[in-house]
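Working notes, structure below.
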Amino acid sequence: MKKLTSVKDLEIVGRECASEQLKKPKTITVCSETGCLTCGSSKLADAFESEIERQGLSGTVSLRRSACLGFCERGPVSIILPQKICYLQARPEDVPEIVQKTLGGNEIVERLVYKDTQTGVRLACVDDIPFYKHQMRLLLANNAVIDAANIADYFAIGGYSALGKVLAGIGKDEVIEMIKGSKLRGRGGGGFPVGIKWQTTKDAPGEPKYVIVNGDEGDPGAFMDRSFLEGNPHGVLEGLIIGGYAIGANEGFFYIRQEYPVALENVQLAIEQARKCGLLGKDILGSGFDFDVKIHRGAGAFVSGESSALMNAIEGNVGEPRPKYIHTSEKGIWDKPSCLNNVETWANVPLIINNGVEWFKGIGTEASTGTKVFSLVGKVNNTGLVEVPMGIPLREIIFSIGGGVPKGKKFKAVQTGGPSGGVLPESLLDLPVDFDELKKAGSMMGSGGMIVMDEDTCMVDTARYYIEFLAHESCGKCIPCREGLRQMLNILNDITSGRGKEGDIELLEELSETLQEASLCALGQSAPNPVMSTIRHFRDEYEAHIREKRCPARVCKELITYEIDEEKCKGCGLCMKNCPAGAVEQIDKKQFKINQTKCIKCGACFTACPEKFSAVVKKSGKPQEQAVAA
Amino acid sequence: MENITLFINGKGVSCPTGSSLLEAAELNGIKIPRLCYHPELKPLGGCRLCLVEDEKTGKILASCVMPASPNMSILTDTPRINRHRRNIVRLMMAEHPESCIVCNKGNRCQLRQIAAQLGLGQTGLYHMPNYKPIEQANPFIIRDLTKCVLCGKCIRADHELVQTGAIDYNFRGFKSRPLTLHDLPLEQSNCTFCGTCVSICPTGALAPKNLTHAGTPERESDSVCGFCGVGCSLTLGVIGKQIVETNPSHLPETLNGATLCVRGHFAHDFLNAEQRLTQPLMRAEDKLAPVSWNEAVNHVASRLLEIKKTFGPQSIGFLGSSKCTNEENYLFQKIARTVLETNNVDNGGYLSGRSCLDLIDSRTGGGWRVSPLSNLEKAESIVVIGADPGNSAPVVGYYIRRTAKKGIPMIVVDPRRTDLVPFSTVWLRILPERDLQLINCLAALLWKRFGHDTGFIDRFTENFTKYSEGLSSFNHQRLCVEAGVDMISLERVVELLKGKKIAFVIGHGILQQRNAARAADAILNLMLMTGSLGTDTGGLYLLARENNQAGALDMGSAPDLLPGRENLGDSRQRQRFERAWEVRLSPDQGLNAIRMITEAEKGTLKALYIMGENPLRSLPQPERVLKALQNLEFLVVQDILKTETSTVAHVVLPGASFSEKAGSYTNMEGRIQCVEPVVSPPLEARPDWMILDMVSEKMGRFTRYDSLEKIRAEIVRHIPEYQGLSNGKKTFWINNTSKKGLFQPDGQGEPISFFPVAFAEDRPHDDNYPFTAILGSTRFHLGSGTRTSHSKRIGNFGKNGHVEISPSDGLELNLVNGDRIRIQSRHGSIERELILEKGLAQGLVLAPIGFEENDAMKLLPLTPFEDRTSRGLKTCQVRIDKIQ
């Protein structure tokens, strides 16, 4: 790709790339993101490549290894364009058939397309699949037509045209006014108005200024940022360059966690390509604007996602937050004005520039505009990457897009906002998903993690899990967070293992309050959310653990009992064979019993017992004789 | 600075712009609990105890980091805040081990204090300390990091105050601890054991290793460190009658703030040493036996008068101490001059740079004397020349590092890689004792590059033309070669210094060298040319080895100076003192410290009264000194410790250490600090001024003073620089009496003259002694080590007087680390173990002083400075042989 020296060059190259793509009428796109890669998408794509060659279709079919296509549950996902035929979980052995029928002809391989769970109807087109149908894919829209390793793909869909527009004649202030007008809010979780942040950094005294992409996505179960960085790094980079221009920064940073090797690789590649094309470096597109970026690899600390800690880390110091009475937008990296935004926030910028403020404001709600990408995981049928307009009810995400809870289990709760978010019960399912409503309900938007839980999930144990994660990730600088979380973890450990006592809930609440109000950074301040929200919505479960020594969801080992139902037991003895503790005893020829003092609650008997018998039962509460002894 | 007004607890208060809320409250007498805050450190905002509530927004703010802004309304003591504070302290207590009973922090523990203030007993939480083994292998600091509350004060003190970088946070979260790199023991890190972290630690996590006592001192009193010339403020912890702990004092605006050095912190063991002299001793049948004070004093008085009568006043010498107080020095020289009518009076400070001091004093009229170290932090540039403050005066080193860290150009001129080199902008690695050539070259280049301050030169100086002509005549290239530095580095230094005021820090590398006076001359010229003298952003800092080196001279404890450093040869001054003291004063200059010994050797000096000096250890050629002392008819030694010298005395009088008597000391900055006794002297020992008072009374020349106030009154009357002594202040500066215009508020007065450029005299090279030995001090010992060697832990720690050479020399001589070698000069030899040191240039040997009876002095000749043949006390030519 030659170096572009003017906005006109950019337009020309965009047109060229688009027409280049049209030379081959069909494209098979194979998702090549981490999720699908683990399901073998790499081998699948290789198979396509050789099969296309073998069947002599190279002239008419192109293969693209693309960004995340979202439907991770059924990966590897492949889409055939322009028909938008979606094949799920195709194996390399299916490839010759697909190539022959669909790419060579116009036939659909029925068995590989989506089958509606309720109606049993097979739906071949992407747009018909409920998972996609109910979404509003703006940021993710182009994933199927982009190969991250190829900047030409991005050019072909008008990539960098927003930058071109800006450099061709939108003033710096005007850009900031546009962002302000769009009411775009920070997607990293805080929801701070982006335009105001930009303005502060621009107005803050001090040179040089910096712009930073926060790609330290650390929430368990969240992978929105990863898919942006892996799949469409140019989209983020374009936003960053526009931000740098508007703010007056000539240097930018990508802070990406080391655990995202593909993201690191793709961003590095994107930067190199952009630099070659003259979209980074001196005098970008002949505008006189200089800008370049560096990648900083995170070393795996959750807290480094906090803006001041992240900046400390970029400076080469320990990634600990610092008090932010003076905002990082005024005094950030090396005490210079630094504007930090989340990956998704930056990715929104080109959209706003290209489509206009009014268009963007039209999406979402009054106070929360635009779309939000969620990684929908947990006990839900269709896990994956989901983009919806702000303000959509939770129910729609979980049931219409996510397809509800599997195996007919009952929905119990949904956790939003990552480890420091909160848990929302069924009664709040109609809550519109936006920054303010979630906060009111005791959770938060966070960066977009969404974990669905069914009836088999113990809420105390869930809280314990998150507190354990946070206690491990606390940087240790301030005492409430460092020590408070350890205390809370200990209390929760006690409750889940049957040692809970009266007053524990109140103590948890008291410590939570101190954490929320006295901690130094947002990690500590929001850390009690999992506990507070589970106490708020599921206090009875806590009480059951403490007072009745039982776990209603039958999760906490110490508070459940395995028994063999004499009526149902057919005496096959599988439970005894599988018990690692020798706890299953044979009473007579056909009767088995579990010796509760020996039982280690591993559940091996429960799993071993054939489903048709279901003689081993899991009961909530401590074993009877043990309870008496205790 | 502008003030802002805000409301704290409903009361309108004001504070300077930029204050934090905590500082604003503090300034107005409102105490906010806190643990990680320290006024000298950047705020951390970690402990969260200093929370306050914003009345308007209801927000909770950490007051140590929140800047005060106008019209804020802050509540410091609401139930909500207190609830959080209590919870935070409960959390900390739950993490803390239950070892309070045996913790030496005792009631000084800030965690305990805050818990008590908040009325907390039981935490009601899980007790889960983060156990870590106690580390106490080193002899100074015990690290019990289980007690660490992670306030980060030690780390910040290390990074911000002393700039050593020995410790930092390791690990994350509750496992996080302040540790050395790779969690090695302290002694394997670059820790200097300055102990600053120990004193600043709010809990017992870092504690001094107490050799004699365990537990908390019963009481604490302020004092001033008795070691080097910096004069740090101390707080001495006392149990019974013994000093058991030393910390930086908590007084405001001390020169050392929260810092100290390893000596100040840990080398005061000599105060309780077995070798302390506790009763008067008199020689009888070749043995020193205890006698009463009456008997001893009578004997001293009568013997001295007798010898004066028989051999004349010139046969008696008085060797005083640069460690004794101003009052004692005044009295000491007064006895010599008025009772025994001799000018044979000197002090140990003679060995460190008299010639430089005289020269600078006379050229500036003494106007340079007030040079607060705090100004070093305002300097525009710093040149450290011939000084290794990291070892000789560590607290000065901290100042320089802090300034250099801010990006101020700092140039180190030294043949050795001192610990300031890593902080320096440029290190000019000159050949030993070629400082004069370097300064000349630097001055010439600055002149050539228009680096001179014309305004200053015109206004305050004279004879610049002649000087500048001299500068123009230099051949830079040749001077560079002579100095052993490359032209490129020097040009860089010139670029860095051009147009800036320069603060010169000068150490014993200059003060004790052969070309000392000439080098000082050149430095002064350079300072005048750049306008660096008499300004806060430049200045002259002469390191002083002893705590009262400056004061002893001020008091006239010198053979050629009267009190107030007045020249004895000046008849007007002499007459003034003759009238005041009602005696005739001899106009003849007396004997200096070295000549007293050489005259005793010859037999012309018959009696010597030594106060607080140990010439057998501090002077060159100890064997000759011993013979000389043995040659005396009468030797009185007044000291606090049994020393090499006291064992050969006829009478030994037990004195008091700095912690046991009142008095004043004058430090290198020109700051006079008064101290009060913290404990009483051991057994029968007495403050030195009392002993002198008794002796003089017995000799019947003047009536007893009986009180320090009377001596002070006389000092105030005769020495205008010491007017401050009369106003009862604890700390004050010497008065400026210079008539030079530069030092007058209105700038009117005499000009300071440029001296014509001086050239160095090189000594002929002796091929038999191919190496140049530098006699350097280490931070563990002070000077000759008389006092510090009484600290076993100091003696046993680290390098034990090892001699250092460069690895390439080691290779050539087939020597390896640990080899035992003999270092031989023309005057004597010593034996030592060897260390190969990368930082040392080829041809150099570093022989540390203070070790093994300070026998390094054997290498030097016993020649007075003013002697043309004197080689100085800093270097000598030596040869190295391996001992098989």
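Following the order of the structure tokens, first chain is A, next is B, and so on, with residues numbered from 1 inside each chain and ligands from 1 in the order they appear.
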Skip Asn232 (chain A) itself and residues of its chain fewer than 6 positions away, then list as a PDB file with N, CA and C atoms, in the first residue's frame all residues within 8 Å of it, counting only C-alpha atoms.
```pdb
ATOM      1  N   ALA A  67     -12.938 -10.810  11.917  1.00  0.00           N
ATOM      2  CA  ALA A  67     -13.159 -10.435  13.302  1.00  0.00           C
ATOM      3  C   ALA A  67     -14.301 -11.253  13.879  1.00  0.00           C
ATOM      4  N   ASN A 143     -17.705  -6.579  11.018  1.00  0.00           N
ATOM      5  CA  ASN A 143     -16.774  -7.645  11.378  1.00  0.00           C
ATOM      6  C   ASN A 143     -16.684  -8.726  10.312  1.00  0.00           C
ATOM      7  N   ILE A 146     -14.243  -7.694   7.396  1.00  0.00           N
ATOM      8  CA  ILE A 146     -12.905  -7.184   7.678  1.00  0.00           C
ATOM      9  C   ILE A 146     -11.953  -8.300   8.101  1.00  0.00           C
ATOM     10  N   ASP A 147     -10.802  -8.282   7.488  1.00  0.00           N
ATOM     11  CA  ASP A 147      -9.704  -9.112   7.963  1.00  0.00           C
ATOM     12  C   ASP A 147      -8.734  -8.141   8.634  1.00  0.00           C
ATOM     13  N   ALA A 148      -8.529  -8.363   9.937  1.00  0.00           N
ATOM     14  CA  ALA A 148      -7.749  -7.397  10.717  1.00  0.00           C
ATOM     15  C   ALA A 148      -6.351  -7.208  10.144  1.00  0.00           C
TER      16      ALA A 148
END
```
Kindly provide the residues of chain B that approach chain A to within 9 Å, each paired with its closest atom pair and their distance in Å to one decimal, based on only C-alpha atoms, listed by chain and increasing number, as CSV.
```
residue,atom,partner,partner_atom,distance
B:Leu44,CA,A:Arg322,CA,7.5
B:Gly45,CA,A:Pro323,CA,6.4
B:Gly46,CA,A:Cys478,CA,4.2
B:Cys47,CA,A:Cys478,CA,5.5
B:Arg48,CA,A:Ala518,CA,6.4
B:Leu49,CA,A:Ala518,CA,8.6
B:Leu51,CA,A:Ala518,CA,7.4
B:Lys59,CA,A:Glu517,CA,8.4
B:Ile60,CA,A:Glu517,CA,6.5
B:Leu61,CA,A:Ala518,CA,8.0
B:Ala62,CA,A:Ala518,CA,8.1
B:Val65,CA,A:Pro323,CA,6.8
B:Met66,CA,A:Tyr325,CA,5.9
B:Pro67,CA,A:Tyr325,CA,7.6
B:Ile81,CA,A:Ala518,CA,8.9
B:Arg83,CA,A:Thr514,CA,8.0
B:His84,CA,A:Thr514,CA,5.3
B:Arg85,CA,A:Thr514,CA,8.6
B:Asn87,CA,A:Thr514,CA,7.0
B:Ile88,CA,A:Pro480,CA,6.0
B:Val89,CA,A:Ile479,CA,8.9
B:Leu91,CA,A:Glu483,CA,5.8
B:Met92,CA,A:Glu483,CA,7.2
B:Ala94,CA,A:Glu483,CA,8.4
B:Glu95,CA,A:Glu483,CA,7.4
B:Leu125,CA,A:Gln487,CA,7.1
B:Tyr126,CA,A:Gln487,CA,6.6
B:His127,CA,A:Gln487,CA,9.0
B:Met128,CA,A:Gln487,CA,8.6
B:Val149,CA,A:Ile479,CA,8.3
B:Leu150,CA,A:Lys477,CA,7.1
B:Cys151,CA,A:Lys477,CA,7.9
B:Gly152,CA,A:Lys477,CA,8.5
B:Tyr169,CA,A:Val318,CA,7.9
B:Phe171,CA,A:Cys475,CA,8.8
B:Arg172,CA,A:Cys475,CA,5.2
B:Gly173,CA,A:Gly476,CA,3.7
B:Phe174,CA,A:Gly476,CA,5.5
B:Lys175,CA,A:Gly476,CA,7.9
B:Ser176,CA,A:Gly476,CA,6.5
```
Exercise for the section: Do a neighbour search on region 360-373 of chain A at 9 Å with only C-alpha atoms, toss out local chain neighbours closer than 2 positions, and write the hits as a ChimeraX atom specification. Expected result: /A:136-140,181-185,187,191,224,344,348,351-352,355-358,375,385-392,434-436,447-449
For the residues selected in the previous step, produce a file with N, CA, C and O atoms as a compact mmCIF listing (two decimals), in the first residue's frame.
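File written: result-v2.txt
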```
# COMPACT_ATOMS: atom_id res chain seq x y z
N MET A 136 -28.57 -4.65 17.42
CA MET A 136 -28.36 -3.52 16.54
C MET A 136 -26.84 -3.41 16.37
O MET A 136 -26.15 -2.85 17.21
N ARG A 137 -26.37 -4.07 15.32
CA ARG A 137 -24.91 -4.15 15.18
C ARG A 137 -24.39 -2.99 14.35
O ARG A 137 -24.48 -2.98 13.14
N LEU A 138 -23.82 -2.00 15.06
CA LEU A 138 -23.21 -0.85 14.39
C LEU A 138 -21.69 -0.97 14.44
O LEU A 138 -21.01 -0.93 13.44
N LEU A 139 -21.21 -1.13 15.67
CA LEU A 139 -19.76 -1.25 15.83
C LEU A 139 -19.27 -2.59 15.30
O LEU A 139 -18.16 -2.70 14.79
N LEU A 140 -20.14 -3.59 15.46
CA LEU A 140 -19.73 -4.93 15.05
C LEU A 140 -20.17 -5.25 13.62
O LEU A 140 -19.91 -6.33 13.11
N GLY A 181 -22.03 16.80 21.64
CA GLY A 181 -23.41 16.78 21.18
C GLY A 181 -23.97 15.38 21.09
O GLY A 181 -25.16 15.14 21.32
N SER A 182 -23.11 14.43 20.76
CA SER A 182 -23.58 13.05 20.62
C SER A 182 -23.94 12.43 21.96
O SER A 182 -24.55 11.38 22.01
N LYS A 183 -23.52 13.09 23.04
CA LYS A 183 -23.73 12.57 24.40
C LYS A 183 -23.08 11.21 24.61
O LYS A 183 -23.55 10.41 25.43
N LEU A 184 -22.05 10.93 23.85
CA LEU A 184 -21.32 9.67 24.02
C LEU A 184 -20.75 9.61 25.43
O LEU A 184 -20.16 10.57 25.90
N ARG A 185 -20.97 8.49 26.09
CA ARG A 185 -20.41 8.32 27.44
C ARG A 185 -19.40 7.18 27.46
O ARG A 185 -19.49 6.24 26.68
N ARG A 187 -17.34 4.04 27.72
CA ARG A 187 -17.82 2.67 27.69
C ARG A 187 -17.06 1.75 28.64
O ARG A 187 -17.32 0.56 28.71
N GLY A 191 -19.02 5.78 32.51
CA GLY A 191 -20.07 6.52 31.84
C GLY A 191 -19.87 8.02 31.87
O GLY A 191 -20.82 8.79 31.78
N MET A 224 -15.30 -7.96 25.13
CA MET A 224 -15.71 -7.00 24.11
C MET A 224 -14.48 -6.32 23.50
O MET A 224 -14.32 -6.23 22.29
N GLU A 344 -13.92 0.56 23.29
CA GLU A 344 -15.21 0.71 22.61
C GLU A 344 -15.56 2.19 22.41
O GLU A 344 -16.16 2.57 21.41
N ASN A 348 -16.38 4.16 18.78
CA ASN A 348 -17.61 4.89 18.47
C ASN A 348 -17.35 6.20 17.72
O ASN A 348 -18.22 6.72 17.04
N LEU A 351 -17.84 6.48 13.94
CA LEU A 351 -19.26 6.35 13.62
C LEU A 351 -19.97 7.69 13.74
O LEU A 351 -20.79 8.07 12.90
N ILE A 352 -19.65 8.41 14.83
CA ILE A 352 -20.31 9.69 15.07
C ILE A 352 -19.91 10.69 13.99
O ILE A 352 -20.74 11.41 13.45
N ASN A 355 -21.61 9.53 10.61
CA ASN A 355 -23.07 9.52 10.50
C ASN A 355 -23.74 10.73 11.11
O ASN A 355 -24.94 10.92 10.98
N GLY A 356 -22.98 11.49 11.86
CA GLY A 356 -23.55 12.71 12.41
C GLY A 356 -24.10 12.55 13.80
O GLY A 356 -24.42 11.44 14.26
N VAL A 357 -24.16 13.67 14.48
CA VAL A 357 -24.56 13.70 15.88
C VAL A 357 -26.01 13.27 16.04
O VAL A 357 -26.35 12.48 16.93
N GLU A 358 -26.87 13.77 15.17
CA GLU A 358 -28.30 13.52 15.33
C GLU A 358 -28.60 12.03 15.18
O GLU A 358 -29.37 11.46 15.94
N SER A 375 -20.74 -8.86 26.42
CA SER A 375 -20.41 -10.26 26.21
C SER A 375 -21.36 -11.04 27.09
O SER A 375 -21.33 -10.97 28.30
N LEU A 385 -21.06 -12.33 21.62
CA LEU A 385 -20.87 -10.89 21.64
C LEU A 385 -22.13 -10.24 21.07
O LEU A 385 -22.55 -10.55 19.98
N VAL A 386 -22.70 -9.34 21.86
CA VAL A 386 -24.02 -8.82 21.52
C VAL A 386 -23.97 -7.30 21.51
O VAL A 386 -23.42 -6.70 22.43
N GLU A 387 -24.52 -6.71 20.48
CA GLU A 387 -24.57 -5.25 20.46
C GLU A 387 -26.03 -4.80 20.40
O GLU A 387 -26.78 -5.21 19.51
N VAL A 388 -26.38 -3.99 21.36
CA VAL A 388 -27.78 -3.56 21.43
C VAL A 388 -27.84 -2.06 21.67
O VAL A 388 -26.88 -1.47 22.21
N PRO A 389 -28.96 -1.43 21.30
CA PRO A 389 -29.06 -0.01 21.63
C PRO A 389 -29.25 0.17 23.13
O PRO A 389 -29.83 -0.68 23.79
N MET A 390 -28.74 1.24 23.66
CA MET A 390 -28.91 1.54 25.07
C MET A 390 -30.40 1.62 25.38
O MET A 390 -31.19 2.09 24.55
N GLY A 391 -30.77 1.18 26.56
CA GLY A 391 -32.15 1.31 26.97
C GLY A 391 -32.99 0.08 26.68
O GLY A 391 -34.14 -0.02 27.09
N ILE A 392 -32.44 -0.89 26.01
CA ILE A 392 -33.17 -2.13 25.72
C ILE A 392 -33.34 -2.88 27.05
O ILE A 392 -32.46 -2.87 27.89
N ASP A 434 -29.21 0.99 30.78
CA ASP A 434 -28.39 2.17 30.51
C ASP A 434 -27.63 2.54 31.79
O ASP A 434 -27.84 1.94 32.84
N PHE A 435 -26.73 3.50 31.66
CA PHE A 435 -25.82 3.80 32.77
C PHE A 435 -26.56 4.06 34.08
O PHE A 435 -26.21 3.53 35.12
N ASP A 436 -27.59 4.89 34.00
CA ASP A 436 -28.19 5.38 35.23
C ASP A 436 -29.13 4.37 35.87
O ASP A 436 -29.15 4.21 37.08
N SER A 447 -17.98 -2.46 31.82
CA SER A 447 -17.50 -2.41 30.45
C SER A 447 -18.32 -3.33 29.56
O SER A 447 -18.13 -3.38 28.37
N GLY A 448 -19.25 -4.07 30.14
CA GLY A 448 -20.16 -4.83 29.29
C GLY A 448 -20.18 -6.33 29.52
O GLY A 448 -20.66 -7.07 28.67
N GLY A 449 -19.71 -6.75 30.65
CA GLY A 449 -19.83 -8.18 30.96
C GLY A 449 -21.26 -8.46 31.40
O GLY A 449 -21.88 -7.64 32.07
```
Problem - In region 404-596 of chain A, DSSP helix (DSSP H, G or I) residues written as an MDAnalysis selection string - result: chainID A and resid 406:408 418:420 426:428 435:440 459:473 479:496 504:518 522:526 529:547 557:559 574:578
Near Thr78 (chain B), within 10 Å and counting only C-alpha atoms, which residues show up once chain neighbours fewer than 5 positions away are dropped, as a PDB file with N, CA, C and O atoms, in the first residue's frame?
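Result written to selection_5.pdb:
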```pdb
ATOM      1  N   ASN B   9     -15.072  22.748  59.970  1.00  0.00           N
ATOM      2  CA  ASN B   9     -15.979  22.575  61.115  1.00  0.00           C
ATOM      3  C   ASN B   9     -16.716  23.870  61.423  1.00  0.00           C
ATOM      4  O   ASN B   9     -16.827  24.288  62.576  1.00  0.00           O
ATOM      5  N   VAL B  52     -12.284  13.483  55.387  1.00  0.00           N
ATOM      6  CA  VAL B  52     -13.149  14.563  55.860  1.00  0.00           C
ATOM      7  C   VAL B  52     -14.392  14.577  54.956  1.00  0.00           C
ATOM      8  O   VAL B  52     -14.402  13.953  53.899  1.00  0.00           O
ATOM      9  N   GLU B  53     -15.393  15.312  55.418  1.00  0.00           N
ATOM     10  CA  GLU B  53     -16.638  15.331  54.663  1.00  0.00           C
ATOM     11  C   GLU B  53     -16.842  16.725  54.095  1.00  0.00           C
ATOM     12  O   GLU B  53     -16.671  17.723  54.794  1.00  0.00           O
ATOM     13  N   ARG B  83     -17.126   6.659  61.837  1.00  0.00           N
ATOM     14  CA  ARG B  83     -17.458   5.245  61.636  1.00  0.00           C
ATOM     15  C   ARG B  83     -16.449   4.622  60.665  1.00  0.00           C
ATOM     16  O   ARG B  83     -15.902   3.551  60.914  1.00  0.00           O
TER      17      ARG B  83
END
```
Exercise for the section: Tell me which protein, DNA and RNA residues are within 7 Å of Arg686 (chain B), counting only C-alpha atoms, leaving out same-chain ones fewer than 3 positions away, and put them as an MDAnalysis selection string. Expected result: chainID B and resid 654:656 681 690:691
Practice task
Tell me, as a ChimeraX atom specification, which residues lie within 9 Å of region 361-376 of chain B, counting only C-alpha atoms; anything in the same chain fewer than 5 positions away does not count.
Solution key: /B:255,356,381-382,396,399-400,403,503,521,524,533-541,565,668-671,733-740,742-743,752-754
Problem - From A:Leu559, A:Val213, A:Ala204, A:Val531, residue lying nearest Gly498 (chain A) [only C-alpha atoms] - result: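 Among the listed residues, A:Leu559 lies closest to Gly498 (chain A).
The two atoms in question, CA of Pro205 (chain A) and CA of Thr328 (chain A), are spaced 12.4 Å apart.
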Problem - Between CA of Pro39 (chain B) and CA of Ser304 (chain A) - distance in Å to one decimal - result: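 Separation of CA of Ser304 (chain A) and CA of Pro39 (chain B): 28.5 Å.
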Exercise for the section: Enumerate the residues of region 360-581 of chain B with a DSSP assignment of strand (DSSP E), computed from the backbone, and present them as a list in words. Expected result: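 Here is the list: Ser381, Ile382, Val383, Val384, Ile385, Met410, Ile411, Val412, Val413, Val426, Trp427, Leu428, Thr461, Glu462, Ile502, Ala503, Phe504, Val505, Ile506, Gly539, Leu540, Tyr541, Leu542, Leu561, Leu562, Glu566 and Asn567 of chain B.
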Exercise for the section: Would you mind reading off the distance between CA of Met450 (chain A) and CA of Ile397 (chain A), one decimal, in Å? Expected result: 9.7 Å
Problem - Selection near Asp269 (chain B), 10 Å with only C-alpha atoms, sequence-local residues under 5 positions removed, as a list of chain:residue names - result: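 Using only C-alpha atoms, the neighbours found are B:Asn210, B:Leu211, B:Thr212, B:Ile243, B:Val244, B:Glu245, B:Arg263, B:Arg787, B:Thr788, B:Ser789, B:His790, B:Ser791, B:Lys792, B:Arg793, B:Ile794.
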